[in-house]
>>> print(open('query_14.txt').read())   # compact mmCIF, C-alpha atoms
# COMPACT_ATOMS: atom_id res chain seq x y z
CA MET A 21 0.00 0.00 0.00
CA THR A 22 1.32 3.45 -0.89
CA GLU A 23 -0.12 6.81 0.02
CA LYS A 24 0.01 10.35 -1.29
CA GLN A 25 0.26 13.39 0.92
CA HIS A 26 -2.84 15.58 0.91
CA PRO A 27 -4.05 18.47 3.05
CA ALA A 28 -6.24 17.35 5.94
CA TYR A 29 -10.00 17.39 5.52
CA ASN A 30 -11.92 19.87 7.67
CA PHE A 31 -14.38 17.60 9.43
CA SER A 32 -17.36 19.45 10.86
CA GLY A 33 -19.87 16.81 11.92
CA ASP A 34 -23.33 17.59 10.60
CA ALA A 35 -22.44 21.18 9.71
CA ILE A 36 -23.05 22.23 6.12
CA MET A 37 -19.80 22.11 4.15
CA LYS A 38 -19.44 25.08 1.81
CA LEU A 39 -17.85 24.10 -1.49
CA TYR A 40 -18.03 27.31 -3.52
CA ASP A 41 -17.45 30.95 -2.60
CA GLN A 42 -19.50 32.61 -5.35
CA VAL A 43 -22.38 31.00 -7.21
CA ILE A 44 -24.62 32.54 -9.86
CA GLU A 45 -27.61 31.21 -11.77
CA GLY A 46 -28.05 30.70 -15.49
CA ILE A 47 -30.11 28.90 -18.10
CA PHE A 48 -28.56 25.91 -19.86
CA LEU A 49 -28.53 26.21 -23.64
CA ARG A 50 -26.39 23.40 -25.06
CA ARG A 51 -23.33 21.20 -24.45
CA PRO A 52 -21.24 20.78 -27.62
CA ASN A 53 -18.82 18.42 -25.86
CA ARG A 54 -18.35 16.90 -22.42
CA PHE A 55 -16.09 19.70 -21.18
CA ILE A 56 -18.07 22.85 -21.96
CA ALA A 57 -21.61 24.16 -21.89
CA HIS A 58 -23.22 27.30 -23.26
CA VAL A 59 -25.23 29.06 -20.57
CA GLU A 60 -27.33 32.23 -20.62
CA THR A 61 -26.27 34.46 -17.71
CA ASP A 62 -26.75 38.10 -16.80
CA ARG A 63 -23.77 38.80 -19.07
CA GLY A 64 -25.39 37.08 -22.02
CA GLU A 65 -24.37 33.71 -23.45
CA GLU A 66 -21.24 32.35 -21.77
CA ILE A 67 -19.08 29.30 -22.41
CA CYS A 68 -18.65 27.46 -19.08
CA HIS A 69 -16.61 24.50 -17.94
CA VAL A 70 -18.66 21.43 -16.95
CA LYS A 71 -17.34 19.84 -13.74
CA ASN A 72 -18.66 16.41 -14.73
CA THR A 73 -17.55 14.40 -17.77
CA GLY A 74 -20.52 12.02 -17.52
CA ARG A 75 -23.37 12.17 -20.01
CA CYS A 76 -25.84 13.98 -17.71
CA LYS A 77 -28.32 14.07 -20.59
CA GLU A 78 -31.30 13.66 -18.31
CA ILE A 79 -30.46 16.81 -16.32
CA LEU A 80 -28.61 19.11 -18.73
CA VAL A 81 -31.57 19.83 -20.97
CA PRO A 82 -32.14 23.12 -22.81
CA GLY A 83 -33.93 25.59 -20.57
CA ALA A 84 -32.84 24.00 -17.28
CA ARG A 85 -31.78 26.34 -14.51
CA VAL A 86 -28.12 25.74 -13.67
CA TYR A 87 -25.76 26.98 -10.98
CA LEU A 88 -22.30 28.25 -11.80
CA ALA A 89 -19.28 28.57 -9.51
CA VAL A 90 -17.42 31.76 -10.44
CA SER A 91 -13.64 31.99 -10.51
CA ASP A 92 -11.53 35.06 -11.19
CA HIS A 93 -8.30 33.12 -11.69
CA PRO A 94 -6.44 34.81 -14.57
CA ALA A 95 -5.20 31.51 -16.05
CA ARG A 96 -8.70 30.13 -16.62
CA LYS A 97 -10.19 29.98 -20.09
CA THR A 98 -13.73 30.18 -18.70
CA ARG A 99 -15.16 32.31 -15.90
CA CYS A 100 -17.58 29.71 -14.54
CA ASP A 101 -17.98 26.01 -13.76
CA VAL A 102 -21.36 24.31 -14.07
CA ILE A 103 -21.80 22.69 -10.65
CA GLY A 104 -25.56 22.29 -10.14
CA VAL A 105 -28.86 21.97 -11.97
CA GLU A 106 -32.56 22.00 -11.12
CA LYS A 107 -34.73 19.08 -12.24
CA ALA A 108 -38.46 19.19 -11.53
CA GLY A 109 -37.84 21.54 -8.60
CA MET A 110 -35.04 19.40 -7.13
CA LEU A 111 -31.51 20.77 -6.86
CA ILE A 112 -28.82 18.33 -8.00
CA ASN A 113 -25.12 18.94 -7.46
CA MET A 114 -23.27 17.65 -10.53
CA ASP A 115 -19.68 18.49 -9.59
CA SER A 116 -17.74 15.22 -9.90
CA GLN A 117 -15.26 16.39 -7.22
CA ALA A 118 -17.94 17.12 -4.61
CA PRO A 119 -18.71 13.49 -3.56
CA ASN A 120 -15.15 12.86 -2.35
CA ARG A 121 -15.13 16.09 -0.41
CA ALA A 122 -18.49 15.28 1.19
CA ALA A 123 -17.34 11.74 1.95
CA GLY A 124 -14.08 12.93 3.49
CA GLU A 125 -15.94 15.33 5.74
CA ALA A 126 -18.34 12.57 6.86
CA ILE A 127 -15.87 9.74 7.51
CA PRO A 128 -15.91 10.19 11.32
CA ARG A 129 -19.67 9.63 11.19
CA LEU A 130 -19.43 6.70 8.79
CA PHE A 131 -16.63 5.03 10.78
CA PRO A 132 -16.78 6.16 14.44
CA GLY A 133 -13.37 6.32 16.06
CA ALA A 134 -11.51 6.97 12.82
CA ARG A 135 -8.01 8.07 13.75
CA VAL A 136 -6.26 7.66 10.38
CA ILE A 137 -7.83 9.03 7.21
CA ARG A 138 -5.74 8.92 4.03
CA PRO A 139 -7.16 10.02 0.68
CA GLU A 140 -6.04 8.31 -2.51
CA CYS A 141 -4.26 5.19 -1.30
CA THR A 142 -2.98 2.59 -3.73
CA PHE A 143 -3.85 -1.07 -3.27
CA GLY A 144 -2.86 -3.51 -5.98
CA ASP A 145 -3.34 -1.93 -9.39
CA SER A 146 -5.85 0.69 -8.28
CA ARG A 147 -5.81 3.95 -6.40
CA LEU A 148 -8.76 3.88 -4.01
CA ASP A 149 -10.34 7.03 -2.65
CA PHE A 150 -9.80 6.51 1.10
CA TYR A 151 -8.00 4.38 3.63
CA VAL A 152 -9.39 4.61 7.18
CA GLU A 153 -8.19 3.16 10.48
CA THR A 154 -9.90 2.96 13.85
CA ASP A 155 -8.42 1.21 16.87
CA ASP A 156 -9.58 -2.16 15.54
CA ARG A 157 -10.53 -1.65 11.88
CA LYS A 158 -8.63 -1.05 8.63
CA ILE A 159 -10.88 -0.01 5.75
CA PHE A 160 -10.45 0.85 2.08
CA MET A 161 -13.28 2.85 0.54
CA GLU A 162 -14.15 3.91 -2.99
CA VAL A 163 -16.60 6.79 -3.60
CA LYS A 164 -19.02 7.11 -6.52
CA GLY A 165 -21.12 10.20 -7.17
CA VAL A 166 -24.69 9.66 -8.38
CA THR A 167 -26.67 12.21 -10.42
CA LEU A 168 -28.93 9.89 -12.44
CA GLU A 169 -32.54 9.98 -11.15
CA GLU A 170 -35.77 8.67 -12.64
CA GLU A 171 -39.04 9.03 -10.72
CA GLY A 172 -37.21 9.06 -7.41
CA VAL A 173 -34.97 6.08 -8.17
CA VAL A 174 -31.27 6.87 -8.39
CA SER A 175 -28.72 4.70 -10.16
CA PHE A 176 -25.09 4.41 -11.19
CA PRO A 177 -23.44 4.58 -13.66
CA ASP A 178 -24.94 6.87 -16.31
CA ALA A 179 -22.43 5.48 -18.85
CA PRO A 180 -20.43 2.21 -19.01
CA THR A 181 -17.48 2.26 -16.59
CA GLN A 182 -14.78 -0.39 -16.82
CA ARG A 183 -12.85 1.66 -14.25
CA GLY A 184 -15.72 1.23 -11.81
CA ILE A 185 -15.65 -2.54 -12.27
CA LYS A 186 -11.89 -2.56 -11.71
CA HIS A 187 -12.34 -0.70 -8.43
CA LEU A 188 -14.95 -3.21 -7.22
CA LYS A 189 -12.63 -6.12 -8.00
CA GLU A 190 -9.82 -4.37 -6.14
CA LEU A 191 -12.09 -3.90 -3.10
CA GLU A 192 -12.76 -7.66 -3.16
CA LYS A 193 -9.00 -8.22 -3.05
CA CYS A 194 -8.82 -5.90 -0.02
CA VAL A 195 -11.31 -8.16 1.77
CA GLN A 196 -9.30 -11.24 0.79
CA ALA A 197 -6.19 -9.59 2.23
CA GLY A 198 -7.88 -9.09 5.61
CA TYR A 199 -9.03 -5.47 5.30
CA GLU A 200 -12.57 -4.15 5.37
CA ALA A 201 -13.71 -2.62 2.10
CA ALA A 202 -16.61 -0.38 1.15
CA VAL A 203 -18.03 1.45 -1.82
CA LEU A 204 -19.95 4.60 -0.95
CA PHE A 205 -22.54 5.92 -3.40
CA VAL A 206 -23.03 9.63 -2.75
CA ILE A 207 -26.45 10.69 -4.02
CA GLN A 208 -25.94 14.31 -5.07
CA MET A 209 -29.53 15.26 -4.20
CA GLN A 210 -32.11 14.59 -1.49
CA ASN A 211 -35.50 12.89 -1.03
CA VAL A 212 -35.02 9.87 -3.29
CA LYS A 213 -36.74 6.45 -3.02
CA TYR A 214 -33.86 4.02 -3.35
CA PHE A 215 -30.57 3.28 -5.15
CA THR A 216 -29.98 0.52 -7.67
CA PRO A 217 -27.14 -0.19 -10.11
CA ASN A 218 -27.94 0.87 -13.66
CA ARG A 219 -28.27 -2.57 -15.24
CA ARG A 220 -29.87 -1.13 -18.37
CA THR A 221 -26.79 0.97 -19.19
CA HIS A 222 -24.04 -1.31 -17.85
CA PRO A 223 -25.14 -4.82 -16.81
CA ALA A 224 -21.54 -5.85 -16.14
CA PHE A 225 -21.21 -3.18 -13.43
CA ALA A 226 -24.49 -4.31 -11.83
CA ASP A 227 -23.21 -7.89 -11.77
CA ALA A 228 -19.85 -6.77 -10.36
CA LEU A 229 -21.53 -4.79 -7.58
CA LYS A 230 -23.67 -7.77 -6.56
CA HIS A 231 -20.59 -10.03 -6.63
CA ALA A 232 -18.64 -7.55 -4.50
CA ALA A 233 -21.41 -7.46 -1.91
CA GLU A 234 -21.45 -11.26 -1.77
CA ALA A 235 -17.64 -11.19 -1.34
CA GLY A 236 -17.92 -8.99 1.76
CA VAL A 237 -17.59 -5.46 0.33
CA GLN A 238 -19.87 -3.08 2.21
CA ILE A 239 -22.29 -1.17 -0.03
CA LEU A 240 -23.08 2.24 1.47
CA CYS A 241 -25.45 4.84 0.07
CA TYR A 242 -26.32 8.31 1.40
CA ASP A 243 -28.25 11.23 0.03
CA CYS A 244 -27.06 14.81 0.50
CA GLN A 245 -28.32 18.13 1.70
CA VAL A 246 -27.64 20.34 -1.32
CA THR A 247 -27.62 24.10 -1.66
CA PRO A 248 -26.12 26.08 -4.55
CA GLU A 249 -22.96 26.58 -2.45
CA SER A 250 -22.74 23.31 -0.50
CA MET A 251 -23.28 19.56 -0.36
CA THR A 252 -23.24 17.48 2.83
CA LEU A 253 -23.87 13.76 3.39
CA HIS A 254 -27.24 13.39 5.11
CA ASN A 255 -29.34 10.21 5.36
CA PRO A 256 -28.79 6.57 4.35
CA VAL A 257 -30.66 5.49 1.23
CA GLU A 258 -32.20 2.07 0.64
CA ILE A 259 -30.15 -0.15 -1.70
CA GLN A 260 -31.70 -2.64 -4.13
CA LEU A 261 -29.03 -4.64 -5.94
CA GLU A 262 -31.48 -6.63 -8.08
>>> encode(input="query_14.txt", output="structure tokens")
Amino acid sequence: MTEKQHPAYNFSGDAIMKLYDQVIEGIFLRRPNRFIAHVETDRGEEICHVKNTGRCKEILVPGARVYLAVSDHPARKTRCDVIGVEKAGMLINMDSQAPNRAAGEAIPRLFPGARVIRPECTFGDSRLDFYVETDDRKIFMEVKGVTLEEEGVVSFPDAPTQRGIKHLKELEKCVQAGYEAAVLFVIQMQNVKYFTPNRRTHPAFADALKHAAEAGVQILCYDCQVTPESMTLHNPVEIQLE
């Protein structure tokens, strides 16, 4: 196992974790590629960076209200990042970096007594998102952000992910080596019915998740309290693997 040095997470219990300093609203127009979106703002039509390379076709629809994190960094090519979107009155955070930050902040609640928390630790051929130790537990954890929602049911992935399957197999190897292992699905919205793997889009991932659970990998799933500026892990969500 190898580790990288990272700044410590600022754990704050159930306090809301602010992710963005300045957020403005806009209207989504179009997304010519996975990296950029055209958004109507108070300045007119702007080209914005999309902080999620997934498809997001069910939420980034023309006319949707979106939320943009503003940066004044002189080296940036765009002024704003698309970090949130409204869907049928529900606010969804779609920043692919937010789930790891929310998970890191919540680890003491997920694993009481955590005294060692290391982001991005390598095990085998994969770099897993977290390694956690308590007095009597050693745990590897991978984090997956979830933005796909249909009639209250949330699922992952929204596109085929061989990388996701690789991570699940690596977590199984962690269990075989005597560690605990977990995959945490961070639902980037609130008030959903249940989580299920997206068998329609990637049946191999659904099979791999079920196999991982049978091999002893913990499957965790939490929704989030979301505001335009913040996202914080909130309540556990029911999981249906079939």
>>> residues_around(input="query_14.txt", residues="segment 217-230 of chain A", least_positions_apart="2", cutoff="10 Å", atoms="only C-alpha atoms", output="list in words")
Leu168, Val174, Ser175, Phe176, Pro177, Asp178, Ala179, Pro180, Thr181, Gln182, Arg183, Gly184, Ile185, Lys186, His187, Leu188, Lys189, Val203, Phe215, Ala232, Ala233, Glu234, Ala235, Val237, Ile239, Ile259, Gln260, Leu261 and Glu262 of chain A
>>> write_last_selection(input="query_14.txt", atoms="C-alpha atoms", output="CSV table (one decimal), in the coordinates of the input")
chain,number,residue,atom,x,y,z
A,168,LEU,CA,-28.9,9.9,-12.4
A,174,VAL,CA,-31.3,6.9,-8.4
A,175,SER,CA,-28.7,4.7,-10.2
A,176,PHE,CA,-25.1,4.4,-11.2
A,177,PRO,CA,-23.4,4.6,-13.7
A,178,ASP,CA,-24.9,6.9,-16.3
A,179,ALA,CA,-22.4,5.5,-18.8
A,180,PRO,CA,-20.4,2.2,-19.0
A,181,THR,CA,-17.5,2.3,-16.6
A,182,GLN,CA,-14.8,-0.4,-16.8
A,183,ARG,CA,-12.8,1.7,-14.2
A,184,GLY,CA,-15.7,1.2,-11.8
A,185,ILE,CA,-15.6,-2.5,-12.3
A,186,LYS,CA,-11.9,-2.6,-11.7
A,187,HIS,CA,-12.3,-0.7,-8.4
A,188,LEU,CA,-15.0,-3.2,-7.2
A,189,LYS,CA,-12.6,-6.1,-8.0
A,203,VAL,CA,-18.0,1.4,-1.8
A,215,PHE,CA,-30.6,3.3,-5.2
A,232,ALA,CA,-18.6,-7.6,-4.5
A,233,ALA,CA,-21.4,-7.5,-1.9
A,234,GLU,CA,-21.4,-11.3,-1.8
A,235,ALA,CA,-17.6,-11.2,-1.3
A,237,VAL,CA,-17.6,-5.5,0.3
A,239,ILE,CA,-22.3,-1.2,0.0
A,259,ILE,CA,-30.2,-0.2,-1.7
A,260,GLN,CA,-31.7,-2.6,-4.1
A,261,LEU,CA,-29.0,-4.6,-5.9
A,262,GLU,CA,-31.5,-6.6,-8.1
>>> atom_distance(input="query_14.txt", atom1="atom CA of Ile137 of chain A", atom2="atom CA of Val212 of chain A")
29.2 Å
>>> residues_around(input="query_14.txt", residues="Met110 of chain A", least_positions_apart="3", cutoff="12 Å", atoms="all atoms listed in the file", output="PyMOL selection string")
chain A and resi 79+84-86+104-107+113+167+169+171-172+208-212+244-248
>>> atom_distance(input="query_14.txt", atom1="atom CA of Gly236 of chain A", atom2="atom CA of Arg147 of chain A")
19.5 Å
>>> closest_residue(input="query_14.txt", among="A:Leu191, A:Arg50, A:Pro82, A:Tyr40", to="Phe143 of chain A", atoms="all atoms listed in the file")
A:Leu191
>>> residues_around(input="query_14.txt", residues="Arg51 of chain A", least_positions_apart="5", cutoff="9 Å", atoms="all atoms listed in the file", output="PyMOL selection string")
chain A and resi 56-59+70+80
>>> build_atoms(input="query_14.txt", residues="segment 49-82 of chain A", atoms="N, CA and C atoms", output="CSV table (one decimal), in the frame of the given file")
chain,number,residue,atom,x,y,z
A,49,LEU,N,-28.2,26.1,-22.2
A,49,LEU,CA,-28.5,26.2,-23.6
A,49,LEU,C,-28.1,24.9,-24.4
A,50,ARG,N,-26.9,24.6,-24.3
A,50,ARG,CA,-26.4,23.4,-25.1
A,50,ARG,C,-25.0,23.0,-24.5
A,51,ARG,N,-24.6,21.8,-24.9
A,51,ARG,CA,-23.3,21.2,-24.4
A,51,ARG,C,-22.7,20.6,-25.7
A,52,PRO,N,-21.8,21.3,-26.4
A,52,PRO,CA,-21.2,20.8,-27.6
A,52,PRO,C,-20.3,19.6,-27.4
A,53,ASN,N,-19.7,19.6,-26.2
A,53,ASN,CA,-18.8,18.4,-25.9
A,53,ASN,C,-18.9,18.3,-24.3
A,54,ARG,N,-18.2,17.2,-23.8
A,54,ARG,CA,-18.4,16.9,-22.4
A,54,ARG,C,-17.7,17.9,-21.5
A,55,PHE,N,-16.8,18.8,-22.0
A,55,PHE,CA,-16.1,19.7,-21.2
A,55,PHE,C,-16.7,21.1,-21.0
A,56,ILE,N,-17.5,21.5,-22.0
A,56,ILE,CA,-18.1,22.8,-22.0
A,56,ILE,C,-19.6,22.9,-22.2
A,57,ALA,N,-20.2,23.9,-21.7
A,57,ALA,CA,-21.6,24.2,-21.9
A,57,ALA,C,-21.8,25.6,-22.2
A,58,HIS,N,-22.8,25.9,-23.0
A,58,HIS,CA,-23.2,27.3,-23.3
A,58,HIS,C,-24.4,27.6,-22.3
A,59,VAL,N,-24.3,28.7,-21.6
A,59,VAL,CA,-25.2,29.1,-20.6
A,59,VAL,C,-25.6,30.5,-20.7
A,60,GLU,N,-26.9,30.8,-20.6
A,60,GLU,CA,-27.3,32.2,-20.6
A,60,GLU,C,-27.2,32.8,-19.2
A,61,THR,N,-26.4,33.8,-19.0
A,61,THR,CA,-26.3,34.5,-17.7
A,61,THR,C,-26.6,35.9,-17.8
A,62,ASP,N,-26.5,36.7,-16.7
A,62,ASP,CA,-26.8,38.1,-16.8
A,62,ASP,C,-25.8,38.9,-17.7
A,63,ARG,N,-24.7,38.2,-18.1
A,63,ARG,CA,-23.8,38.8,-19.1
A,63,ARG,C,-24.1,38.4,-20.5
A,64,GLY,N,-25.1,37.6,-20.7
A,64,GLY,CA,-25.4,37.1,-22.0
A,64,GLY,C,-25.0,35.6,-22.1
A,65,GLU,N,-24.8,35.1,-23.3
A,65,GLU,CA,-24.4,33.7,-23.4
A,65,GLU,C,-22.9,33.5,-23.1
A,66,GLU,N,-22.6,32.6,-22.2
A,66,GLU,CA,-21.2,32.4,-21.8
A,66,GLU,C,-20.9,30.9,-22.0
A,67,ILE,N,-19.6,30.7,-22.3
A,67,ILE,CA,-19.1,29.3,-22.4
A,67,ILE,C,-18.5,29.0,-21.0
A,68,CYS,N,-19.0,27.9,-20.4
A,68,CYS,CA,-18.6,27.5,-19.1
A,68,CYS,C,-18.0,26.1,-19.1
A,69,HIS,N,-17.2,25.8,-18.1
A,69,HIS,CA,-16.6,24.5,-17.9
A,69,HIS,C,-17.6,23.6,-17.2
A,70,VAL,N,-17.8,22.4,-17.6
A,70,VAL,CA,-18.7,21.4,-17.0
A,70,VAL,C,-17.8,20.6,-16.0
A,71,LYS,N,-18.1,20.6,-14.7
A,71,LYS,CA,-17.3,19.8,-13.7
A,71,LYS,C,-17.9,18.4,-13.6
A,72,ASN,N,-18.2,17.8,-14.7
A,72,ASN,CA,-18.7,16.4,-14.7
A,72,ASN,C,-18.5,15.9,-16.2
A,73,THR,N,-17.7,14.9,-16.4
A,73,THR,CA,-17.6,14.4,-17.8
A,73,THR,C,-18.6,13.3,-18.1
A,74,GLY,N,-19.5,13.0,-17.2
A,74,GLY,CA,-20.5,12.0,-17.5
A,74,GLY,C,-21.5,12.6,-18.5
A,75,ARG,N,-22.4,11.7,-19.0
A,75,ARG,CA,-23.4,12.2,-20.0
A,75,ARG,C,-24.3,13.2,-19.5
A,76,CYS,N,-24.9,13.0,-18.3
A,76,CYS,CA,-25.8,14.0,-17.7
A,76,CYS,C,-27.0,14.5,-18.6
A,77,LYS,N,-27.3,13.6,-19.6
A,77,LYS,CA,-28.3,14.1,-20.6
A,77,LYS,C,-29.7,14.3,-20.0
A,78,GLU,N,-30.0,13.6,-18.9
A,78,GLU,CA,-31.3,13.7,-18.3
A,78,GLU,C,-31.5,14.9,-17.4
A,79,ILE,N,-30.4,15.6,-17.1
A,79,ILE,CA,-30.5,16.8,-16.3
A,79,ILE,C,-30.0,18.1,-17.1
A,80,LEU,N,-29.0,17.9,-17.9
A,80,LEU,CA,-28.6,19.1,-18.7
A,80,LEU,C,-29.5,19.2,-20.0
A,81,VAL,N,-30.6,19.7,-19.8
A,81,VAL,CA,-31.6,19.8,-21.0
A,81,VAL,C,-31.8,21.3,-21.2
A,82,PRO,N,-32.0,21.7,-22.5
A,82,PRO,CA,-32.1,23.1,-22.8
A,82,PRO,C,-33.3,23.7,-22.0
